[in-house]
file start_34.cif (mmCIF, C-alpha atoms)
data_work
loop_
_atom_site.group_PDB
_atom_site.id
_atom_site.type_symbol
_atom_site.label_atom_id
_atom_site.label_comp_id
_atom_site.auth_asym_id
_atom_site.auth_seq_id
_atom_site.Cartn_x
_atom_site.Cartn_y
_atom_site.Cartn_z
ATOM 1 C CA MET A 1 -18.475 -95.637 17.053
ATOM 2 C CA LYS A 2 -21.548 -94.226 15.395
ATOM 3 C CA THR A 3 -23.396 -96.130 12.748
ATOM 4 C CA PRO A 4 -24.187 -94.286 9.524
ATOM 5 C CA MET A 5 -27.580 -92.688 9.612
ATOM 6 C CA PRO A 6 -30.050 -93.630 6.884
ATOM 7 C CA GLU A 7 -32.532 -91.046 5.695
ATOM 8 C CA HIS A 8 -34.980 -90.095 8.428
ATOM 9 C CA GLY A 9 -37.612 -89.411 5.794
ATOM 10 C CA ALA A 10 -39.522 -86.320 4.921
ATOM 11 C CA PRO A 11 -42.542 -85.301 6.943
ATOM 12 C CA GLU A 12 -45.713 -86.727 5.438
ATOM 13 C CA SER A 13 -48.000 -83.768 6.020
ATOM 14 C CA SER A 14 -48.030 -80.365 7.655
ATOM 15 C CA GLU A 15 -50.236 -78.012 9.598
ATOM 16 C CA VAL A 16 -49.623 -74.334 10.085
ATOM 17 C CA PRO A 17 -50.618 -72.749 13.408
ATOM 18 C CA ASP A 18 -51.463 -69.036 13.230
ATOM 19 C CA GLY A 19 -48.277 -67.094 12.593
ATOM 20 C CA ALA A 20 -45.988 -70.111 13.010
ATOM 21 C CA GLU A 21 -43.558 -71.690 10.599
ATOM 22 C CA GLU A 22 -44.995 -74.708 8.825
ATOM 23 C CA LEU A 23 -44.685 -77.663 11.185
ATOM 24 C CA PRO A 24 -44.805 -81.261 10.009
ATOM 25 C CA THR A 25 -47.495 -83.409 11.604
ATOM 26 C CA THR A 26 -45.329 -86.523 11.240
ATOM 27 C CA LEU A 27 -41.611 -87.232 11.480
ATOM 28 C CA HIS A 28 -39.918 -90.494 10.496
ATOM 29 C CA ILE A 29 -36.780 -91.286 12.454
ATOM 30 C CA ALA A 30 -34.970 -94.634 12.155
ATOM 31 C CA GLY A 31 -38.159 -96.375 11.051
ATOM 32 C CA LEU A 32 -40.154 -94.842 13.900
ATOM 33 C CA GLU A 33 -43.129 -92.597 13.184
ATOM 34 C CA LEU A 34 -43.533 -89.623 15.510
ATOM 35 C CA SER A 35 -46.781 -87.661 15.416
ATOM 36 C CA ARG A 36 -47.220 -84.053 16.417
ATOM 37 C CA THR A 37 -48.929 -83.894 19.793
ATOM 38 C CA GLU A 38 -50.957 -81.180 21.437
ATOM 39 C CA SER A 39 -48.623 -78.837 23.280
ATOM 40 C CA PRO A 40 -48.469 -75.300 24.620
ATOM 41 C CA PRO A 41 -48.114 -72.612 21.917
ATOM 42 C CA SER A 42 -44.520 -71.961 23.031
ATOM 43 C CA LEU A 43 -43.254 -75.318 21.752
ATOM 44 C CA ALA A 44 -43.804 -78.171 19.303
ATOM 45 C CA CYS A 45 -43.637 -81.846 20.252
ATOM 46 C CA TRP A 46 -43.645 -85.054 18.208
ATOM 47 C CA THR A 47 -44.030 -88.425 19.960
ATOM 48 C CA GLY A 48 -43.861 -92.055 18.891
ATOM 49 C CA TYR A 49 -43.502 -95.475 20.483
ATOM 50 C CA LEU A 50 -40.814 -97.996 19.703
ATOM 51 C CA PRO A 51 -41.952 -101.472 18.735
ATOM 52 C CA ARG A 52 -41.440 -103.735 21.749
ATOM 53 C CA PRO A 53 -41.701 -107.480 22.329
ATOM 54 C CA ALA A 54 -44.938 -108.602 23.946
ATOM 55 C CA GLY A 55 -44.810 -108.414 27.731
ATOM 56 C CA THR A 56 -42.180 -105.662 27.890
ATOM 57 C CA ASP A 57 -42.610 -102.064 28.975
ATOM 58 C CA PRO A 58 -43.720 -99.587 26.337
ATOM 59 C CA ALA A 59 -40.954 -97.213 25.247
ATOM 60 C CA GLY A 60 -41.422 -93.766 23.770
ATOM 61 C CA LEU A 61 -39.471 -91.022 22.072
ATOM 62 C CA SER A 62 -40.356 -87.346 21.840
ATOM 63 C CA VAL A 63 -38.676 -84.531 19.936
ATOM 64 C CA VAL A 64 -39.362 -81.049 21.337
ATOM 65 C CA THR A 65 -38.603 -77.684 19.763
ATOM 66 C CA GLU A 66 -39.004 -74.394 21.598
ATOM 67 C CA PRO A 67 -40.069 -72.073 20.051
ATOM 68 C CA PRO A 68 -42.119 -74.189 17.651
ATOM 69 C CA ALA A 69 -40.132 -75.020 14.516
ATOM 70 C CA PRO A 70 -39.361 -78.089 12.432
ATOM 71 C CA PRO A 71 -36.474 -80.010 14.062
ATOM 72 C CA GLN A 72 -33.069 -79.196 12.578
ATOM 73 C CA GLU A 73 -30.878 -81.916 11.041
ATOM 74 C CA PRO A 74 -28.526 -82.245 14.089
ATOM 75 C CA VAL A 75 -31.561 -82.843 16.323
ATOM 76 C CA LEU A 76 -32.913 -85.463 13.925
ATOM 77 C CA ARG A 77 -29.503 -87.202 13.869
ATOM 78 C CA LEU A 78 -29.414 -87.293 17.673
ATOM 79 C CA ALA A 79 -32.984 -88.660 17.799
ATOM 80 C CA HIS A 80 -31.959 -91.297 15.233
ATOM 81 C CA ASP A 81 -29.031 -92.332 17.453
ATOM 82 C CA VAL A 82 -31.317 -92.542 20.499
ATOM 83 C CA VAL A 83 -33.760 -94.790 18.612
ATOM 84 C CA ASP A 84 -30.972 -96.997 17.227
ATOM 85 C CA HIS A 85 -29.369 -97.495 20.659
ATOM 86 C CA PHE A 86 -32.453 -97.106 22.865
ATOM 87 C CA ASP A 87 -32.072 -100.324 24.872
ATOM 88 C CA ALA A 88 -28.352 -99.703 25.476
ATOM 89 C CA TYR A 89 -29.085 -96.159 26.688
ATOM 90 C CA VAL A 90 -31.835 -97.435 28.980
ATOM 91 C CA ASP A 91 -29.398 -99.992 30.414
ATOM 92 C CA GLN A 92 -26.819 -97.233 30.984
ATOM 93 C CA ALA A 93 -29.447 -95.073 32.698
ATOM 94 C CA LEU A 94 -30.490 -97.946 34.962
ATOM 95 C CA GLU A 95 -26.914 -98.685 36.014
ATOM 96 C CA TYR A 96 -26.313 -94.977 36.580
ATOM 97 C CA CYS A 97 -29.385 -94.886 38.854
ATOM 98 C CA ARG A 98 -28.228 -98.039 40.661
ATOM 99 C CA THR A 99 -25.007 -96.218 41.608
ATOM 100 C CA ARG A 100 -26.081 -92.595 42.057
ATOM 101 C CA LEU A 101 -29.310 -93.180 43.982
ATOM 102 C CA ARG A 102 -27.287 -94.654 46.869
ATOM 103 C CA GLU A 103 -26.013 -91.148 47.640
ATOM 104 C CA PRO A 104 -27.508 -89.755 50.876
ATOM 105 C CA ARG A 105 -28.770 -86.597 49.179
ATOM 106 C CA PHE A 106 -31.451 -88.607 47.371
ATOM 107 C CA GLY A 107 -32.952 -89.628 50.712
ATOM 108 C CA LEU A 108 -33.971 -93.166 49.791
ATOM 109 C CA ALA A 109 -35.499 -95.154 52.638
ATOM 110 C CA ALA A 110 -33.694 -98.305 53.830
ATOM 111 C CA GLU A 111 -36.135 -100.555 51.933
ATOM 112 C CA GLU A 112 -35.682 -98.511 48.744
ATOM 113 C CA LEU A 113 -31.903 -98.870 49.020
ATOM 114 C CA THR A 114 -32.299 -102.667 49.054
ATOM 115 C CA TRP A 115 -34.228 -102.436 45.763
ATOM 116 C CA LEU A 116 -31.059 -101.065 44.138
ATOM 117 C CA ASP A 117 -29.469 -104.499 44.675
ATOM 118 C CA LEU A 118 -32.242 -106.372 42.842
ATOM 119 C CA PRO A 119 -31.549 -107.607 39.295
ATOM 120 C CA GLU A 120 -34.510 -105.503 38.072
ATOM 121 C CA LEU A 121 -34.639 -101.949 39.378
ATOM 122 C CA PRO A 122 -38.070 -100.543 40.278
ATOM 123 C CA LEU A 123 -37.996 -98.264 37.218
ATOM 124 C CA ALA A 124 -40.175 -98.868 34.181
ATOM 125 C CA VAL A 125 -41.729 -97.341 31.069
ATOM 126 C CA PRO A 126 -38.692 -95.507 29.648
ATOM 127 C CA GLU A 127 -39.393 -92.434 27.532
ATOM 128 C CA ALA A 128 -36.633 -90.489 25.790
ATOM 129 C CA THR A 129 -36.947 -86.791 24.988
ATOM 130 C CA VAL A 130 -34.634 -84.960 22.595
ATOM 131 C CA TRP A 131 -34.759 -81.157 22.756
ATOM 132 C CA ALA A 132 -33.912 -78.682 19.996
ATOM 133 C CA ASP A 133 -30.680 -77.665 21.774
ATOM 134 C CA ARG A 134 -29.545 -81.311 21.377
ATOM 135 C CA THR A 135 -29.819 -82.149 25.040
ATOM 136 C CA TRP A 136 -31.737 -85.271 25.895
ATOM 137 C CA ALA A 137 -32.928 -87.476 28.742
ATOM 138 C CA ILE A 138 -34.698 -90.702 29.598
ATOM 139 C CA ARG A 139 -37.627 -90.509 31.993
ATOM 140 C CA PHE A 140 -38.747 -93.652 33.748
ATOM 141 C CA ALA A 141 -42.458 -92.912 34.012
ATOM 142 C CA GLU A 142 -43.162 -95.627 36.576
ATOM 143 C CA SER A 143 -41.278 -96.276 39.804
ATOM 144 C CA ARG A 144 -41.922 -97.450 43.349
ATOM 145 C CA LEU A 145 -39.356 -94.948 44.668
ATOM 146 C CA ALA A 146 -40.892 -92.097 46.678
ATOM 147 C CA LEU A 147 -38.386 -89.760 44.996
ATOM 148 C CA ALA A 148 -40.134 -90.420 41.683
ATOM 149 C CA ASP A 149 -43.726 -89.983 42.808
ATOM 150 C CA PRO A 150 -45.807 -89.106 40.860
ATOM 151 C CA TYR A 151 -43.956 -88.096 37.661
ATOM 152 C CA GLY A 152 -41.066 -90.556 37.471
ATOM 153 C CA LEU A 153 -37.310 -90.300 37.433
ATOM 154 C CA LEU A 154 -35.286 -88.340 34.865
ATOM 155 C CA VAL A 155 -31.778 -89.328 33.732
ATOM 156 C CA THR A 156 -30.050 -86.614 31.686
ATOM 157 C CA PHE A 157 -27.380 -87.521 29.133
ATOM 158 C CA ASP A 158 -24.396 -85.645 27.762
ATOM 159 C CA GLY A 159 -23.945 -87.242 24.373
ATOM 160 C CA THR A 160 -23.905 -90.968 25.035
ATOM 161 C CA ARG A 161 -23.416 -91.035 28.786
ATOM 162 C CA PRO A 162 -25.722 -90.309 31.711
ATOM 163 C CA VAL A 163 -24.651 -87.308 33.791
ATOM 164 C CA ASP A 164 -27.522 -86.492 36.140
ATOM 165 C CA VAL A 165 -30.558 -88.043 37.800
ATOM 166 C CA GLN A 166 -33.548 -86.241 39.246
ATOM 167 C CA GLY A 167 -36.739 -87.377 40.943
ATOM 168 C CA LEU A 168 -39.821 -85.783 39.472
ATOM 169 C CA ASP A 169 -41.968 -85.501 42.550
ATOM 170 C CA GLU A 170 -44.632 -82.907 43.139
ATOM 171 C CA GLU A 171 -42.275 -80.689 45.113
ATOM 172 C CA GLU A 172 -39.787 -80.281 42.215
ATOM 173 C CA ASP A 173 -37.113 -79.698 44.829
ATOM 174 C CA GLY A 174 -34.225 -79.754 42.356
ATOM 175 C CA THR A 175 -32.516 -82.860 43.746
ATOM 176 C CA ALA A 176 -29.810 -83.894 41.302
#
call {"tool": "encode", "arguments": {"input": "start_34.cif", "output": "structure tokens"}}
result
Amino acid sequence: MKTPMPEHGAPESSEVPDGAEELPTTLHIAGLELSRTESPPSLACWTGYLPRPAGTDPAGLSVVTEPPAPPQEPVLRLAHDVVDHFDAYVDQALEYCRTRLREPRFGLAAEELTWLDLPELPLAVPEATVWADRTWAIRFAESRLALADPYGLLVTFDGTRPVDVQGLDEEEDGTA
């Protein structure tokens, strides 16, 4: 069941890159402020950090449009849902990793497999990204797993459920 979405708010200010549609410098989504970040000319990205209790991992959200354009209403609604249910989605992603990473194709070492039985998985600093095509994922930016070195582990969602996991190592070997 989805909760009704309050107004995400209008962008506070705008900047116009040469020849591009006017892009807001700030988005407000579910009480979270996302600021436009430096990005390649082929896309636009806004990033913000969710308020977290002291001593917990930072948590971020990015909205990406390619080609650069203000995010459309369906994308903003999805981002709002991700913010509203962020901790639940992170928990789902962690449990998905706990199950899927046991598969031989991920090549976890024996010691790494034992980490999957620990109450706290060796995955931290969750960052969600919502793309203009309304796909989205959570990347765990920090992990002790070799599969995730050095860029983390990506869990892709289809709507509200995780459907794929991928290590973001330097080889980008396409393991899924």
call {"tool": "resolve_selection", "arguments": {"input": "start_34.cif", "expression": "the PyMOL selection byres ((chain A and resi 78) around 12)", "output": "PyMOL selection string"}}
result
chain A and resi 2-5+8+29-30+61-63+71-77+79-86+128-137+157-160
call {"tool": "resolve_selection", "arguments": {"input": "start_34.cif", "expression": "the PyMOL selection byres ((chain A and resi 41-55) around 8)", "output": "PyMOL selection string"}}
result
chain A and resi 25-27+32-40+56-69+83
call {"tool": "atom_distance", "arguments": {"input": "start_34.cif", "atom1": "atom CA of A:Asp91", "atom2": "atom CA of A:Pro126"}}
result
10.3 Å
call {"tool": "atom_distance", "arguments": {"input": "start_34.cif", "atom1": "atom CA of A:Leu123", "atom2": "atom CA of A:His28"}}
result
27.9 Å
call {"tool": "residues_around", "arguments": {"input": "start_34.cif", "residues": "stretch 103-113 of chain A", "least_positions_apart": "5", "cutoff": "12 Å", "atoms": "all atoms listed in the file", "output": "compact mmCIF listing (two decimals) with C-alpha atoms, in the frame of the given file"}}
result
# COMPACT_ATOMS: atom_id res chain seq x y z
CA TYR A 96 -26.31 -94.98 36.58
CA CYS A 97 -29.38 -94.89 38.85
CA ARG A 98 -28.23 -98.04 40.66
CA LEU A 118 -32.24 -106.37 42.84
CA LEU A 121 -34.64 -101.95 39.38
CA PRO A 122 -38.07 -100.54 40.28
CA LEU A 123 -38.00 -98.26 37.22
CA SER A 143 -41.28 -96.28 39.80
CA ARG A 144 -41.92 -97.45 43.35
CA LEU A 145 -39.36 -94.95 44.67
CA ALA A 146 -40.89 -92.10 46.68
CA LEU A 147 -38.39 -89.76 45.00
CA ALA A 148 -40.13 -90.42 41.68
CA LEU A 153 -37.31 -90.30 37.43
CA VAL A 165 -30.56 -88.04 37.80
CA GLN A 166 -33.55 -86.24 39.25
CA GLY A 167 -36.74 -87.38 40.94
CA LEU A 168 -39.82 -85.78 39.47
CA ASP A 169 -41.97 -85.50 42.55
CA ASP A 173 -37.11 -79.70 44.83
CA GLY A 174 -34.22 -79.75 42.36
CA THR A 175 -32.52 -82.86 43.75
CA ALA A 176 -29.81 -83.89 41.30
call {"tool": "atom_distance", "arguments": {"input": "start_34.cif", "atom1": "atom CA of A:Gln92", "atom2": "atom CA of A:Pro150"}}
result
22.9 Å
call {"tool": "decode", "arguments": {"input": "start_34.cif", "residues": "stretch 106-135 of chain A", "atoms": "N, CA, C and O atoms", "output": "CSV table (one decimal), in the first residue's frame"}}
result
chain,number,residue,atom,x,y,z
A,106,PHE,N,28.9,-16.0,-7.8
A,106,PHE,CA,29.4,-14.7,-7.3
A,106,PHE,C,30.9,-14.9,-6.8
A,106,PHE,O,31.6,-14.0,-6.5
A,107,GLY,N,31.3,-16.2,-6.6
A,107,GLY,CA,32.7,-16.5,-6.3
A,107,GLY,C,33.1,-16.0,-4.9
A,107,GLY,O,34.3,-15.7,-4.8
A,108,LEU,N,32.3,-16.0,-3.9
A,108,LEU,CA,32.7,-15.5,-2.6
A,108,LEU,C,33.6,-16.6,-2.0
A,108,LEU,O,33.4,-17.8,-2.2
A,109,ALA,N,34.7,-16.1,-1.3
A,109,ALA,CA,35.6,-17.0,-0.6
A,109,ALA,C,34.9,-17.6,0.6
A,109,ALA,O,33.9,-17.1,1.0
A,110,ALA,N,35.4,-18.7,1.1
A,110,ALA,CA,34.8,-19.4,2.2
A,110,ALA,C,34.6,-18.4,3.4
A,110,ALA,O,33.5,-18.4,4.0
A,111,GLU,N,35.5,-17.6,3.7
A,111,GLU,CA,35.4,-16.6,4.8
A,111,GLU,C,34.3,-15.6,4.5
A,111,GLU,O,33.5,-15.3,5.4
A,112,GLU,N,34.2,-15.2,3.3
A,112,GLU,CA,33.1,-14.2,2.9
A,112,GLU,C,31.7,-14.9,3.1
A,112,GLU,O,30.8,-14.2,3.5
A,113,LEU,N,31.6,-16.1,2.7
A,113,LEU,CA,30.4,-16.8,2.9
A,113,LEU,C,29.9,-16.9,4.3
A,113,LEU,O,28.7,-16.8,4.6
A,114,THR,N,30.9,-17.0,5.3
A,114,THR,CA,30.5,-17.0,6.7
A,114,THR,C,30.0,-15.7,7.1
A,114,THR,O,29.2,-15.6,8.0
A,115,TRP,N,30.4,-14.6,6.5
A,115,TRP,CA,29.9,-13.2,6.8
A,115,TRP,C,28.5,-13.1,6.5
A,115,TRP,O,27.8,-12.3,7.2
A,116,LEU,N,27.9,-13.9,5.6
A,116,LEU,CA,26.5,-13.8,5.2
A,116,LEU,C,25.6,-14.3,6.4
A,116,LEU,O,24.4,-14.1,6.4
A,117,ASP,N,26.2,-15.1,7.3
A,117,ASP,CA,25.5,-15.6,8.4
A,117,ASP,C,25.5,-14.6,9.6
A,117,ASP,O,24.8,-14.9,10.6
A,118,LEU,N,26.3,-13.6,9.6
A,118,LEU,CA,26.4,-12.6,10.7
A,118,LEU,C,25.1,-11.8,10.8
A,118,LEU,O,24.5,-11.5,9.7
A,119,PRO,N,24.7,-11.3,11.9
A,119,PRO,CA,23.6,-10.4,12.0
A,119,PRO,C,23.7,-9.2,11.2
A,119,PRO,O,22.8,-8.7,10.6
A,120,GLU,N,24.9,-8.6,11.1
A,120,GLU,CA,25.2,-7.4,10.3
A,120,GLU,C,26.0,-7.8,9.1
A,120,GLU,O,27.2,-8.3,9.3
A,121,LEU,N,25.5,-7.7,7.9
A,121,LEU,CA,26.3,-8.0,6.7
A,121,LEU,C,27.4,-6.9,6.6
A,121,LEU,O,27.3,-5.8,7.0
A,122,PRO,N,28.5,-7.3,5.9
A,122,PRO,CA,29.6,-6.4,5.6
A,122,PRO,C,29.3,-5.4,4.5
A,122,PRO,O,30.1,-5.3,3.5
A,123,LEU,N,28.1,-4.8,4.6
A,123,LEU,CA,27.7,-3.8,3.5
A,123,LEU,C,27.3,-2.6,4.3
A,123,LEU,O,26.5,-2.6,5.2
A,124,ALA,N,27.8,-1.4,3.8
A,124,ALA,CA,27.5,-0.2,4.5
A,124,ALA,C,27.4,1.0,3.6
A,124,ALA,O,27.7,0.9,2.4
A,125,VAL,N,26.9,2.1,4.1
A,125,VAL,CA,26.8,3.4,3.3
A,125,VAL,C,25.9,3.2,2.1
A,125,VAL,O,26.3,3.3,1.0
A,126,PRO,N,24.6,3.0,2.4
A,126,PRO,CA,23.6,2.8,1.3
A,126,PRO,C,23.3,4.1,0.6
A,126,PRO,O,23.1,5.1,1.2
A,127,GLU,N,23.3,4.0,-0.7
A,127,GLU,CA,23.0,5.2,-1.6
A,127,GLU,C,22.0,4.7,-2.6
A,127,GLU,O,22.3,3.8,-3.4
A,128,ALA,N,20.8,5.4,-2.7
A,128,ALA,CA,19.8,5.0,-3.7
A,128,ALA,C,20.0,6.0,-4.9
A,128,ALA,O,20.2,7.2,-4.7
A,129,THR,N,19.8,5.4,-6.1
A,129,THR,CA,19.7,6.3,-7.3
A,129,THR,C,18.5,5.9,-8.1
A,129,THR,O,18.2,4.8,-8.3
A,130,VAL,N,17.8,7.0,-8.4
A,130,VAL,CA,16.5,6.9,-9.2
A,130,VAL,C,16.8,7.5,-10.6
A,130,VAL,O,17.3,8.7,-10.6
A,131,TRP,N,16.6,6.7,-11.7
A,131,TRP,CA,16.9,7.2,-13.0
A,131,TRP,C,15.6,7.7,-13.7
A,131,TRP,O,14.5,7.3,-13.3
A,132,ALA,N,15.8,8.5,-14.7
A,132,ALA,CA,14.6,9.1,-15.4
A,132,ALA,C,13.7,8.1,-16.0
A,132,ALA,O,12.5,8.4,-16.2
A,133,ASP,N,14.2,6.9,-16.3
A,133,ASP,CA,13.3,5.8,-16.8
A,133,ASP,C,12.5,5.1,-15.7
A,133,ASP,O,11.9,4.1,-16.0
A,134,ARG,N,12.6,5.6,-14.5
A,134,ARG,CA,12.0,5.1,-13.3
A,134,ARG,C,12.5,3.7,-12.9
A,134,ARG,O,11.9,3.0,-12.2
A,135,THR,N,13.8,3.4,-13.3
A,135,THR,CA,14.5,2.3,-12.7
A,135,THR,C,15.2,2.9,-11.5
A,135,THR,O,15.5,4.1,-11.4
